[in-house]
$ cat entry19.cif   # mmCIF, C-alpha atoms
data_input
loop_
_atom_site.label_atom_id
_atom_site.label_comp_id
_atom_site.auth_asym_id
_atom_site.auth_seq_id
_atom_site.Cartn_x
_atom_site.Cartn_y
_atom_site.Cartn_z
CA MET A 1 20.31 -42.66 45.74
CA ASP A 2 17.73 -41.57 43.18
CA GLN A 3 17.67 -45.08 41.75
CA GLY A 4 17.24 -46.43 45.28
CA ARG A 5 14.22 -44.19 45.79
CA VAL A 6 12.69 -45.45 42.53
CA LEU A 7 13.10 -49.08 43.62
CA TRP A 8 11.67 -48.29 47.07
CA GLU A 9 8.62 -46.61 45.57
CA ASP A 10 8.19 -49.72 43.39
CA TYR A 11 7.97 -51.73 46.66
CA ARG A 12 11.38 -53.33 46.04
CA PHE A 13 12.42 -52.36 49.55
CA ASP A 14 15.59 -54.45 50.01
CA GLU A 15 17.10 -53.45 46.68
CA GLY A 16 16.13 -49.82 47.11
CA ILE A 17 17.57 -49.40 50.58
CA GLU A 18 20.84 -51.07 49.56
CA LEU A 19 21.41 -48.54 46.78
CA PHE A 20 20.44 -45.68 49.07
CA ARG A 21 22.92 -46.88 51.70
CA LYS A 22 25.75 -46.91 49.19
CA GLY A 23 24.94 -43.40 48.05
CA VAL A 24 24.89 -41.98 51.57
CA GLU A 25 28.02 -43.87 52.66
CA THR A 26 29.94 -42.50 49.66
CA GLN A 27 29.17 -38.95 50.73
CA MET A 28 29.95 -39.65 54.39
CA ASP A 29 33.41 -41.11 53.76
CA HIS A 30 35.18 -37.83 54.52
CA LYS A 31 35.08 -35.72 57.70
CA TYR A 32 33.31 -32.41 57.44
CA LYS A 33 35.60 -29.43 57.92
CA ARG A 34 32.85 -26.90 57.37
CA PHE A 35 29.16 -26.42 58.02
CA VAL A 36 27.36 -29.46 56.64
CA ARG A 37 24.95 -28.94 53.78
CA ARG A 38 21.29 -29.32 54.63
CA SER A 39 20.88 -31.79 51.77
CA MET A 40 23.34 -34.19 53.41
CA MET A 41 21.39 -34.13 56.66
CA ASP A 42 18.17 -34.71 54.73
CA GLN A 43 19.70 -37.77 53.08
CA LEU A 44 20.88 -39.19 56.40
CA THR A 45 17.46 -38.59 57.89
CA GLU A 46 15.79 -40.25 54.91
CA LEU A 47 18.05 -43.30 55.24
CA PHE A 48 17.25 -43.43 58.97
CA THR A 49 13.53 -43.49 58.12
CA LEU A 50 13.98 -46.28 55.59
CA GLU A 51 15.99 -48.43 58.01
CA LEU A 52 13.43 -47.85 60.72
CA SER A 53 10.59 -48.75 58.34
CA LEU A 54 12.14 -52.18 57.77
CA GLY A 55 12.86 -52.72 61.46
CA ASN A 56 16.63 -52.44 61.06
CA PHE A 57 17.09 -50.89 64.50
CA LYS A 58 20.85 -51.40 64.81
CA LYS A 59 21.48 -49.67 61.47
CA ALA A 60 19.05 -46.92 62.48
CA ILE A 61 20.99 -46.39 65.74
CA LYS A 62 24.25 -46.10 63.79
CA ILE A 63 22.77 -43.49 61.44
CA THR A 64 21.26 -41.51 64.33
CA LYS A 65 24.67 -41.37 66.01
CA GLN A 66 26.14 -40.14 62.72
CA ILE A 67 23.55 -37.37 62.58
CA ILE A 68 24.31 -36.36 66.18
CA ASN A 69 28.07 -36.33 65.45
CA VAL A 70 27.53 -34.07 62.44
CA TYR A 71 25.55 -31.63 64.57
CA GLU A 72 28.25 -31.68 67.28
CA ASP A 73 31.01 -31.05 64.72
CA ASN A 74 29.15 -28.08 63.28
CA ILE A 75 28.38 -26.60 66.68
CA LYS A 76 32.09 -26.76 67.51
CA TYR A 77 32.89 -25.21 64.13
CA ILE A 78 30.52 -22.27 64.70
CA ASN A 79 31.82 -21.76 68.23
CA ASP A 80 35.19 -20.82 66.69
CA PHE A 81 33.61 -17.86 64.88
CA PRO A 82 34.46 -14.35 66.15
CA PRO A 83 31.84 -13.23 68.70
CA ASP A 84 30.53 -10.44 66.47
CA SER A 85 29.83 -12.80 63.55
CA LYS A 86 28.73 -15.97 65.38
CA PRO A 87 25.23 -17.10 64.33
CA SER A 88 22.73 -18.47 66.81
CA LEU A 89 23.28 -22.08 67.79
CA ALA A 90 19.75 -22.60 69.13
CA ILE A 91 18.38 -24.23 65.97
CA LEU A 92 21.32 -26.63 65.72
CA ASN A 93 21.11 -27.54 69.39
CA ILE A 94 17.37 -28.20 69.18
CA ALA A 95 17.88 -30.33 66.05
CA MET A 96 20.59 -32.32 67.79
CA GLU A 97 18.35 -32.98 70.79
CA THR A 98 15.58 -34.10 68.43
CA ALA A 99 18.01 -36.70 67.05
CA ASN A 100 18.73 -37.74 70.64
CA ILE A 101 15.00 -38.32 71.14
CA ASP A 102 15.07 -40.68 68.16
CA LEU A 103 18.09 -42.41 69.62
CA ALA A 104 16.36 -42.87 72.98
CA THR A 105 13.35 -44.39 71.23
CA LEU A 106 15.62 -46.88 69.49
CA PHE A 107 17.34 -47.72 72.77
CA TYR A 108 13.93 -48.57 74.22
CA GLN A 109 12.93 -50.69 71.25
CA THR A 110 16.16 -52.68 71.52
CA GLY A 111 15.72 -53.32 75.25
CA LYS A 112 18.08 -50.63 76.60
CA ILE A 113 15.40 -49.15 78.82
CA GLU A 114 17.53 -47.41 81.47
CA LYS A 115 19.71 -45.88 78.77
CA ALA A 116 16.60 -44.54 77.02
CA GLN A 117 15.25 -43.02 80.25
CA GLU A 118 18.57 -41.32 81.09
CA LEU A 119 18.92 -39.87 77.61
CA LEU A 120 15.38 -38.47 77.54
CA LEU A 121 15.82 -36.82 80.94
CA GLN A 122 19.03 -35.23 79.68
CA VAL A 123 17.31 -34.08 76.49
CA ILE A 124 14.51 -32.40 78.47
CA SER A 125 17.09 -30.64 80.63
CA ASN A 126 19.03 -29.43 77.58
CA LEU A 127 15.95 -28.23 75.68
CA LYS A 128 14.86 -26.05 78.60
CA LYS A 129 17.85 -23.82 77.83
CA HIS A 130 16.50 -22.89 74.39
CA LEU A 131 13.55 -20.75 73.36
CA HIS A 132 10.98 -22.15 70.92
CA SER A 133 11.72 -25.73 71.89
CA GLU A 134 8.26 -26.43 73.36
CA TYR A 135 7.25 -28.89 70.65
CA ASN A 136 10.46 -30.89 71.12
CA GLN A 137 10.05 -30.85 74.88
CA GLY A 138 6.51 -32.14 74.43
CA VAL A 139 7.72 -35.06 72.33
CA ALA A 140 10.48 -35.92 74.84
CA HIS A 141 8.01 -35.85 77.75
CA GLY A 142 5.62 -38.00 75.74
CA LYS A 143 8.27 -40.60 74.93
CA LEU A 144 9.38 -40.75 78.56
CA SER A 145 5.83 -41.16 79.83
CA LEU A 146 5.36 -43.97 77.31
CA ILE A 147 8.36 -45.82 78.72
CA TYR A 148 7.24 -45.38 82.33
CA GLU A 149 3.73 -46.54 81.51
CA ASN A 150 4.90 -49.64 79.65
CA LEU A 151 6.89 -50.54 82.76
CA GLY A 152 3.74 -50.15 84.85
CA ASN A 153 5.14 -47.04 86.57
CA TYR A 154 2.05 -44.87 86.18
CA LYS A 155 3.03 -42.50 89.00
CA ASP A 156 6.18 -41.28 87.24
CA ALA A 157 4.47 -41.34 83.85
CA GLU A 158 1.68 -38.93 84.78
CA PRO A 159 3.65 -35.65 85.11
CA HIS A 160 5.25 -36.30 81.74
CA HIS A 161 1.81 -36.87 80.20
CA VAL A 162 0.76 -33.48 81.54
CA ASN A 163 3.88 -31.71 80.28
CA CYS A 164 3.49 -33.36 76.89
CA ILE A 165 0.01 -31.89 76.52
CA LEU A 166 0.90 -28.46 77.85
CA TYR A 167 4.03 -28.06 75.74
CA ASP A 168 2.47 -29.13 72.48
CA PRO A 169 -1.06 -30.53 72.06
CA HIS A 170 -0.58 -31.54 68.43
CA THR A 171 2.55 -33.66 68.75
CA THR A 172 2.38 -36.87 66.74
CA ILE A 173 3.23 -38.89 69.85
CA TRP A 174 -0.53 -39.13 70.33
CA ILE A 175 -0.95 -41.60 67.47
CA HIS A 176 1.49 -44.04 69.04
CA PRO A 177 -0.32 -47.30 69.84
CA GLN A 178 1.17 -47.56 73.30
CA PHE A 179 0.27 -44.04 74.26
CA SER A 180 -2.99 -42.32 75.03
CA THR A 181 -4.92 -41.84 71.81
CA ILE A 182 -6.95 -38.66 71.62
CA LEU A 183 -9.64 -39.83 69.28
CA ASN A 184 -12.30 -37.22 68.60
CA ILE A 185 -10.41 -34.44 70.38
CA ASN A 186 -7.30 -34.46 68.22
CA GLN A 187 -6.94 -37.36 65.80
CA VAL A 188 -4.58 -36.88 62.89
CA PHE A 189 -6.38 -39.42 60.74
CA ILE A 190 -9.78 -37.73 61.00
CA SER A 191 -10.76 -34.08 61.04
CA PRO A 192 -12.40 -33.60 64.44
CA THR A 193 -16.10 -32.83 64.03
CA MET A 194 -17.31 -31.09 67.13
CA ILE A 195 -20.93 -31.30 68.20
CA LYS A 196 -23.01 -29.22 65.85
CA PRO A 197 -26.41 -27.76 66.82
CA LYS A 198 -29.13 -30.28 66.10
CA GLU A 199 -32.19 -28.04 66.07
CA GLU A 200 -34.40 -30.94 65.05
CA LEU A 201 -33.52 -32.74 68.28
CA ILE A 202 -33.92 -29.75 70.56
CA ASP A 203 -37.13 -28.20 69.23
CA LYS A 204 -39.33 -31.29 69.04
CA ASP A 205 -40.82 -33.50 71.70
CA ILE A 206 -40.15 -36.85 70.08
CA ASP A 207 -39.75 -40.43 71.12
CA ASP A 208 -36.52 -42.42 70.97
CA MET A 209 -37.20 -44.00 67.60
CA ILE A 210 -37.75 -40.67 65.88
CA VAL A 211 -34.69 -39.28 67.63
CA GLU A 212 -32.55 -42.08 66.24
CA ASP A 213 -33.88 -41.45 62.72
CA LEU A 214 -33.03 -37.77 63.03
CA VAL A 215 -29.55 -38.57 64.34
CA PHE A 216 -28.85 -40.69 61.27
CA SER A 217 -30.35 -38.01 59.04
CA LYS A 218 -28.07 -35.41 60.60
CA MET A 219 -25.06 -37.69 60.25
CA ASP A 220 -25.93 -38.23 56.58
CA ASN A 221 -25.94 -34.48 56.07
CA MET A 222 -22.61 -34.24 57.84
CA ASP A 223 -21.16 -36.92 55.58
CA GLU A 224 -22.28 -34.98 52.50
CA GLU A 225 -20.67 -31.81 53.82
CA GLU A 226 -17.41 -33.61 54.48
CA GLU A 227 -17.44 -35.90 51.45
CA MET A 228 -13.93 -36.86 50.57
CA ALA A 229 -12.56 -35.43 47.33
CA ASP A 230 -11.63 -37.97 44.66
CA ASP A 231 -7.97 -36.94 44.66
CA VAL A 232 -7.79 -37.34 48.45
CA ARG A 233 -9.42 -40.78 48.26
CA GLU A 234 -7.00 -41.87 45.55
CA SER A 235 -4.07 -40.60 47.61
CA LEU A 236 -5.33 -42.62 50.56
CA ARG A 237 -5.63 -45.74 48.42
CA LYS A 238 -2.00 -45.37 47.36
CA GLU A 239 -0.96 -44.83 50.96
CA VAL A 240 -2.82 -47.97 52.00
CA LEU A 241 -1.14 -50.03 49.28
CA TYR A 242 2.28 -48.74 50.32
CA SER A 243 1.54 -49.38 54.02
CA GLU A 244 0.30 -52.90 53.30
CA LYS A 245 3.42 -53.85 51.35
CA LEU A 246 5.73 -52.26 53.90
CA LEU A 247 3.93 -54.01 56.75
CA PHE A 248 4.32 -57.33 54.94
CA ALA A 249 8.06 -56.68 54.65
CA ARG A 250 8.33 -55.81 58.34
CA GLU A 251 6.31 -58.82 59.47
CA LYS A 252 9.00 -61.05 57.95
CA VAL A 253 11.69 -59.34 60.05
CA PHE A 254 10.19 -59.85 63.51
CA ASP A 255 9.68 -63.12 65.32
CA SER A 256 6.36 -63.74 67.07
CA ASP A 257 7.67 -62.38 70.40
CA LYS A 258 8.62 -59.10 68.70
CA LYS A 259 5.35 -58.51 66.86
CA TRP A 260 4.32 -55.94 69.49
CA ILE A 261 6.67 -53.50 67.75
CA LEU A 262 4.31 -53.61 64.74
CA VAL A 263 1.19 -52.59 66.65
CA SER A 264 1.69 -48.99 65.57
CA GLU A 265 1.66 -50.12 61.94
CA TYR A 266 -1.58 -52.07 62.44
CA ILE A 267 -3.26 -49.07 64.04
CA THR A 268 -2.04 -46.70 61.34
CA ILE A 269 -3.29 -48.86 58.49
CA ALA A 270 -6.58 -49.51 60.33
CA SER A 271 -7.06 -45.74 60.55
CA LEU A 272 -6.53 -45.49 56.80
CA TYR A 273 -9.02 -48.32 56.19
CA ARG A 274 -11.55 -46.46 58.31
CA ARG A 275 -11.18 -43.29 56.28
CA LEU A 276 -11.82 -45.30 53.14
CA GLU A 277 -14.86 -46.88 54.85
CA ARG A 278 -13.24 -50.31 54.75
CA TYR A 279 -14.57 -51.00 58.21
CA ASP A 280 -14.23 -54.79 58.18
CA ASP A 281 -10.58 -54.53 57.17
CA ALA A 282 -10.03 -51.97 59.92
CA ILE A 283 -11.62 -54.15 62.60
CA ASN A 284 -9.73 -57.27 61.47
CA THR A 285 -6.44 -55.37 61.60
CA LEU A 286 -7.19 -53.95 65.04
CA GLU A 287 -8.24 -57.37 66.34
CA LYS A 288 -4.79 -58.61 65.33
CA ALA A 289 -3.23 -55.67 67.20
CA LEU A 290 -5.43 -56.42 70.22
CA ASP A 291 -4.38 -60.07 70.26
CA ILE A 292 -0.67 -59.16 70.10
CA THR A 293 -1.00 -56.48 72.77
CA THR A 294 -3.00 -58.72 75.11
CA LYS A 295 -0.46 -61.54 74.85
CA LYS A 296 2.40 -59.10 75.48
CA TYR A 297 0.95 -57.11 78.38
CA GLY A 298 -2.12 -58.94 79.71
CA GLU A 299 -5.82 -58.12 79.45
CA ASP A 300 -5.85 -55.22 81.92
CA HIS A 301 -2.93 -53.18 80.60
CA CYS A 302 -3.41 -49.61 79.39
CA ASN A 303 -1.95 -50.52 75.98
CA VAL A 304 -4.86 -52.92 75.52
CA ALA A 305 -7.24 -50.08 76.40
CA THR A 306 -5.72 -47.91 73.69
CA VAL A 307 -6.30 -50.56 71.01
CA LEU A 308 -9.86 -51.01 72.28
CA ALA A 309 -10.41 -47.27 71.94
CA HIS A 310 -9.37 -47.49 68.28
CA ILE A 311 -11.81 -50.35 67.79
CA GLY A 312 -14.51 -48.17 69.33
CA MET A 313 -13.67 -45.36 66.92
CA VAL A 314 -14.07 -47.64 63.88
CA HIS A 315 -17.45 -48.91 65.11
CA PHE A 316 -18.47 -45.30 65.77
CA SER A 317 -17.54 -44.28 62.21
CA ASN A 318 -19.54 -47.27 60.96
CA ARG A 319 -22.51 -46.12 63.08
CA LYS A 320 -22.48 -49.26 65.17
CA PHE A 321 -22.95 -47.24 68.34
CA THR A 322 -23.61 -50.10 70.74
CA ARG A 323 -20.43 -51.92 69.74
CA ALA A 324 -18.51 -48.66 69.90
CA ASP A 325 -19.78 -47.91 73.39
CA LYS A 326 -18.87 -51.41 74.57
CA ALA A 327 -15.28 -50.95 73.36
CA TYR A 328 -15.01 -47.43 74.81
CA GLN A 329 -16.43 -48.53 78.15
CA LYS A 330 -14.03 -51.47 78.40
CA ALA A 331 -11.12 -49.18 77.53
CA LEU A 332 -12.30 -46.68 80.14
CA ASP A 333 -12.61 -49.38 82.81
CA ILE A 334 -9.02 -50.52 82.19
CA LYS A 335 -7.69 -46.97 82.27
CA ILE A 336 -9.50 -46.16 85.52
CA LYS A 337 -8.36 -49.41 87.13
CA ASN A 338 -4.71 -48.66 86.34
CA LEU A 339 -4.59 -44.88 86.46
CA GLY A 340 -7.46 -43.73 88.68
CA MET A 341 -10.38 -41.41 87.93
CA ASP A 342 -8.28 -38.26 87.60
CA HIS A 343 -5.70 -39.26 84.99
CA LEU A 344 -5.51 -37.37 81.69
CA HIS A 345 -5.99 -40.57 79.70
CA VAL A 346 -9.28 -41.07 81.51
CA GLY A 347 -10.28 -37.50 80.63
CA PHE A 348 -9.66 -38.07 76.94
CA LEU A 349 -11.68 -41.27 76.92
CA GLN A 350 -14.50 -39.59 78.86
CA PHE A 351 -14.71 -36.99 76.12
CA ASP A 352 -14.66 -39.63 73.38
CA ARG A 353 -17.40 -41.63 75.04
CA GLY A 354 -19.45 -38.50 75.64
CA TYR A 355 -19.26 -37.65 71.96
CA LEU A 356 -20.53 -41.14 71.13
CA LEU A 357 -23.33 -40.97 73.70
CA TRP A 358 -24.62 -37.79 72.12
CA TYR A 359 -25.32 -39.72 68.94
CA LYS A 360 -27.21 -42.29 71.02
CA TRP A 361 -29.25 -39.37 72.47
CA ARG A 362 -28.15 -40.31 75.98
CA VAL A 363 -27.91 -36.66 76.88
CA PRO A 364 -27.33 -36.88 80.67
CA ASP A 365 -24.67 -39.57 80.23
CA CYS A 366 -23.04 -37.48 77.52
CA ARG A 367 -23.07 -34.43 79.80
CA PHE A 368 -21.57 -36.44 82.66
CA CYS A 369 -18.67 -37.59 80.46
CA PHE A 370 -17.96 -34.07 79.23
CA LEU A 371 -18.07 -32.69 82.78
CA GLU A 372 -15.64 -35.38 83.91
CA ALA A 373 -13.28 -34.51 81.06
CA LYS A 374 -13.48 -30.83 82.02
CA ARG A 375 -12.85 -31.61 85.69
CA ILE A 376 -9.77 -33.67 84.87
CA PHE A 377 -8.34 -31.04 82.53
CA ILE A 378 -8.81 -28.35 85.18
CA LYS A 379 -7.20 -30.57 87.83
CA HIS A 380 -4.08 -30.85 85.69
CA GLY A 381 -3.87 -27.14 84.97
CA VAL A 382 -4.89 -27.26 81.32
CA PRO A 383 -5.69 -23.58 80.53
CA GLU A 384 -9.02 -22.44 79.10
CA ASP A 385 -7.53 -21.52 75.71
CA HIS A 386 -5.88 -24.90 75.28
CA PRO A 387 -7.45 -26.79 72.31
CA PHE A 388 -8.58 -29.77 74.42
CA ARG A 389 -10.12 -27.67 77.16
CA ALA A 390 -11.74 -25.28 74.68
CA ARG A 391 -13.40 -28.12 72.78
CA VAL A 392 -14.82 -29.59 75.95
CA GLU A 393 -16.12 -26.18 77.04
CA ASN A 394 -17.74 -25.52 73.65
CA SER A 395 -19.39 -28.93 73.67
CA LEU A 396 -20.79 -28.33 77.15
CA LYS A 397 -22.18 -24.92 76.18
CA PHE A 398 -24.16 -26.43 73.34
CA LEU A 399 -25.15 -29.44 75.38
CA GLU A 400 -26.81 -27.31 78.08
CA GLY A 401 -29.60 -26.41 75.65
CA ALA A 402 -30.10 -30.03 74.68
CA PHE A 403 -30.01 -31.12 78.31
CA LYS A 404 -32.65 -28.57 79.29
CA LYS A 405 -35.01 -29.76 76.56
CA TRP A 406 -34.32 -33.40 77.42
CA SER A 407 -34.95 -32.76 81.11
CA GLU A 408 -38.37 -31.28 80.39
CA THR A 409 -39.53 -34.50 78.73
CA ARG A 410 -37.75 -37.10 80.85
CA LYS A 411 -38.06 -36.07 84.49
CA GLU A 412 -38.27 -39.64 85.75
CA GLU A 413 -35.10 -40.65 83.91
CA ILE A 414 -33.25 -37.67 85.34
CA GLU A 415 -34.21 -38.65 88.88
CA ALA A 416 -32.97 -42.20 88.23
CA ILE A 417 -29.66 -40.95 86.85
CA GLN A 418 -29.17 -38.62 89.79
CA ASN A 419 -29.63 -41.54 92.16
CA ASN A 420 -27.38 -43.96 90.30
CA SER A 421 -23.85 -43.69 89.02
CA ILE A 422 -23.36 -43.87 85.25
CA LYS A 423 -22.65 -47.33 83.97
#

$ encode --input "entry19.cif" --output "structure tokens"
Amino acid sequence: MDQGRVLWEDYRFDEGIELFRKGVETQMDHKYKRFVRRSMMDQLTELFTLELSLGNFKKAIKITKQIINVYEDNIKYINDFPPDSKPSLAILNIAMETANIDLATLFYQTGKIEKAQELLLQVISNLKKHLHSEYNQGVAHGKLSLIYENLGNYKDAEPHHVNCILYDPHTTIWIHPQFSTILNINQVFISPTMIKPKEELIDKDIDDMIVEDLVFSKMDNMDEEEEMADDVRESLRKEVLYSEKLLFAREKVFDSDKKWILVSEYITIASLYRRLERYDDAINTLEKALDITTKKYGEDHCNVATVLAHIGMVHFSNRKFTRADKAYQKALDIKIKNLGMDHLHVGFLQFDRGYLLWYKWRVPDCRFCFLEAKRIFIKHGVPEDHPFRARVENSLKFLEGAFKKWSETRKEEIEAIQNNSIK
């Protein structure tokens, strides 16, 4: 297995995985009569990840079932312990249900949609019996909402979206390309930078051109404060190289009608390009994802909106605010058309667009978007101390000062905005 890892890390994926398979299979030849070692489970999980990386879904399903069987065997083994010496089974049960979530995902990717739905519903029911399983419940709800949404069943998807957020706001389900992407609120590929006080913009009565200069000046200062360390940049470069080679290997596996499975890879690598300021590469990669997603689902599908939102984020990072706003607005229009004004996805995009509009010094429009995000979060019962709700509230508190100063100098614009809906 060690030699297999070396070959894999040298981008010799087929040779590496073959050696790793042989190593794992050798250790799995016998039935476990006692509690399985953690290292064995780690090796099975690692092999599962490698198979999944290459798109070998059938092999990944087989390994996942092996993992589940090992957990079941060990739960039965512990159940035979005397009552006074029996350890807690909660951790094992939660781990087993996590493997079932992986299995349901694979069922979906191989076209067994009803089987995936049934398994996820059962997983959610089982996890409710165990304390400290909120994160896992959040992931299961997120996966189930993804399936419903891809089928166009937005009504059944919505409560699972809500539960996903409430159970665990930081679950990695949010980076999935066919799920709502929380961009500036909670994006794993970029440290969220909340609105910072811009005294220069509040304390001076200045025209639009000077405002724009000050915005760029402030953004330059922000960039200096958050300048990426050399070791982090080098680590990202290595991750990009690995992702590029792995993506090339996966592209050879899938026919053109299956390329939609790779959209997550395109979005992930585009996010890495963006962090390295390779904006053209990021946009080109996302345009490919957009083309695949549009052909698969049609122009007005929510999955298309999610890719558009990523495109908006890249343009925003590259300070091309008009292009970013165009992408955000198109994404927002699609989400509202499919989901309505009150859906959580719409709330997230309202916040993202509001954050962008602040940098365009469109203060009333920015405030409107933040207020809409707040209204939607409240409607769905998101508590005040929840990270999403708290960030919206903090942004609005700061924005009130900016809005007051803006309103003093632009009374006519305010009256126009009050009489017309935001575009």

$ residues_around --input "entry19.cif" --residues "segment 40-53 of chain A" --least-positions-apart "2" --cutoff "10 Å" --atoms "only C-alpha atoms" --output "number ranges by chain"
A: 1, 8, 13, 16-17, 20-21, 23-25, 27-28, 36-38, 55-64, 66-67, 70-71, 99, 102, 106, 246-247, 249-250, 265

$ atom_distance --input "entry19.cif" --atom1 "atom CA of Thr105 of chain A" --atom2 "atom CA of His310 of chain A"
23.1 Å

$ resolve_selection --input "entry19.cif" --expression "the PyMOL selection byres ((chain A and resi 373) around 12)" --output "PyMOL selection string"
chain A and resi 185+341-355+366-372+374-380+382+388-393+395-396

$ atom_distance --input "entry19.cif" --atom1 "atom CA of Ala140 of chain A" --atom2 "atom CA of Ile101 of chain A"
6.3 Å

$ resolve_selection --input "entry19.cif" --expression "the PyMOL selection byres ((chain A and resi 117-130) around 12)" --output "ChimeraX atom specification"
/A:88-108,111-116,131-148,151,156-157,160,163-164,167

$ write_last_selection --input "entry19.cif" --atoms "C-alpha atoms" --output "PDB file, in the coordinates of the input"
ATOM      1  CA  SER A  88      22.730 -18.470  66.810  1.00  0.00           C
ATOM      2  CA  LEU A  89      23.280 -22.080  67.790  1.00  0.00           C
ATOM      3  CA  ALA A  90      19.750 -22.600  69.130  1.00  0.00           C
ATOM      4  CA  ILE A  91      18.380 -24.230  65.970  1.00  0.00           C
ATOM      5  CA  LEU A  92      21.320 -26.630  65.720  1.00  0.00           C
ATOM      6  CA  ASN A  93      21.110 -27.540  69.390  1.00  0.00           C
ATOM      7  CA  ILE A  94      17.370 -28.200  69.180  1.00  0.00           C
ATOM      8  CA  ALA A  95      17.880 -30.330  66.050  1.00  0.00           C
ATOM      9  CA  MET A  96      20.590 -32.320  67.790  1.00  0.00           C
ATOM     10  CA  GLU A  97      18.350 -32.980  70.790  1.00  0.00           C
ATOM     11  CA  THR A  98      15.580 -34.100  68.430  1.00  0.00           C
ATOM     12  CA  ALA A  99      18.010 -36.700  67.050  1.00  0.00           C
ATOM     13  CA  ASN A 100      18.730 -37.740  70.640  1.00  0.00           C
ATOM     14  CA  ILE A 101      15.000 -38.320  71.140  1.00  0.00           C
ATOM     15  CA  ASP A 102      15.070 -40.680  68.160  1.00  0.00           C
ATOM     16  CA  LEU A 103      18.090 -42.410  69.620  1.00  0.00           C
ATOM     17  CA  ALA A 104      16.360 -42.870  72.980  1.00  0.00           C
ATOM     18  CA  THR A 105      13.350 -44.390  71.230  1.00  0.00           C
ATOM     19  CA  LEU A 106      15.620 -46.880  69.490  1.00  0.00           C
ATOM     20  CA  PHE A 107      17.340 -47.720  72.770  1.00  0.00           C
ATOM     21  CA  TYR A 108      13.930 -48.570  74.220  1.00  0.00           C
ATOM     22  CA  GLY A 111      15.720 -53.320  75.250  1.00  0.00           C
ATOM     23  CA  LYS A 112      18.080 -50.630  76.600  1.00  0.00           C
ATOM     24  CA  ILE A 113      15.400 -49.150  78.820  1.00  0.00           C
ATOM     25  CA  GLU A 114      17.530 -47.410  81.470  1.00  0.00           C
ATOM     26  CA  LYS A 115      19.710 -45.880  78.770  1.00  0.00           C
ATOM     27  CA  ALA A 116      16.600 -44.540  77.020  1.00  0.00           C
ATOM     28  CA  LEU A 131      13.550 -20.750  73.360  1.00  0.00           C
ATOM     29  CA  HIS A 132      10.980 -22.150  70.920  1.00  0.00           C
ATOM     30  CA  SER A 133      11.720 -25.730  71.890  1.00  0.00           C
ATOM     31  CA  GLU A 134       8.260 -26.430  73.360  1.00  0.00           C
ATOM     32  CA  TYR A 135       7.250 -28.890  70.650  1.00  0.00           C
ATOM     33  CA  ASN A 136      10.460 -30.890  71.120  1.00  0.00           C
ATOM     34  CA  GLN A 137      10.050 -30.850  74.880  1.00  0.00           C
ATOM     35  CA  GLY A 138       6.510 -32.140  74.430  1.00  0.00           C
ATOM     36  CA  VAL A 139       7.720 -35.060  72.330  1.00  0.00           C
ATOM     37  CA  ALA A 140      10.480 -35.920  74.840  1.00  0.00           C
ATOM     38  CA  HIS A 141       8.010 -35.850  77.750  1.00  0.00           C
ATOM     39  CA  GLY A 142       5.620 -38.000  75.740  1.00  0.00           C
ATOM     40  CA  LYS A 143       8.270 -40.600  74.930  1.00  0.00           C
ATOM     41  CA  LEU A 144       9.380 -40.750  78.560  1.00  0.00           C
ATOM     42  CA  SER A 145       5.830 -41.160  79.830  1.00  0.00           C
ATOM     43  CA  LEU A 146       5.360 -43.970  77.310  1.00  0.00           C
ATOM     44  CA  ILE A 147       8.360 -45.820  78.720  1.00  0.00           C
ATOM     45  CA  TYR A 148       7.240 -45.380  82.330  1.00  0.00           C
ATOM     46  CA  LEU A 151       6.890 -50.540  82.760  1.00  0.00           C
ATOM     47  CA  ASP A 156       6.180 -41.280  87.240  1.00  0.00           C
ATOM     48  CA  ALA A 157       4.470 -41.340  83.850  1.00  0.00           C
ATOM     49  CA  HIS A 160       5.250 -36.300  81.740  1.00  0.00           C
ATOM     50  CA  ASN A 163       3.880 -31.710  80.280  1.00  0.00           C
ATOM     51  CA  CYS A 164       3.490 -33.360  76.890  1.00  0.00           C
ATOM     52  CA  TYR A 167       4.030 -28.060  75.740  1.00  0.00           C
TER      53      TYR A 167
END

$ resolve_selection --input "entry19.cif" --expression "the PyMOL selection byres ((chain A and resi 323-334) around 7)" --output "VMD selection string"
chain A and resid 300 to 302 305 to 306 308 to 309 311 to 313 315 to 316 320 to 322 335 to 338 346 349 353

$ residues_around --input "entry19.cif" --residues "segment 276-285 of chain A" --least-positions-apart "6" --cutoff "7 Å" --atoms "only C-alpha atoms" --output "list in words"
Tyr266, Ala270, Ile311, Val314 and Asn318 of chain A

$ write_last_selection --input "entry19.cif" --atoms "C-alpha atoms" --output "PDB file, in the coordinates of the input"
ATOM      1  CA  TYR A 266      -1.580 -52.070  62.440  1.00  0.00           C
ATOM      2  CA  ALA A 270      -6.580 -49.510  60.330  1.00  0.00           C
ATOM      3  CA  ILE A 311     -11.810 -50.350  67.790  1.00  0.00           C
ATOM      4  CA  VAL A 314     -14.070 -47.640  63.880  1.00  0.00           C
ATOM      5  CA  ASN A 318     -19.540 -47.270  60.960  1.00  0.00           C
TER       6      ASN A 318
END

$ atom_distance --input "entry19.cif" --atom1 "atom CA of Asp291 of chain A" --atom2 "atom CA of Lys155 of chain A"
26.7 Å

$ axis_aligned_box --input "entry19.cif" --around "segment 260-269 of chain A" --padding-each-side "3 Å" --output "JSON"
{"center_x": 1.7, "center_y": -51.3, "center_z": 64.0, "size_x": 16.0, "size_y": 15.2, "size_z": 17.0}
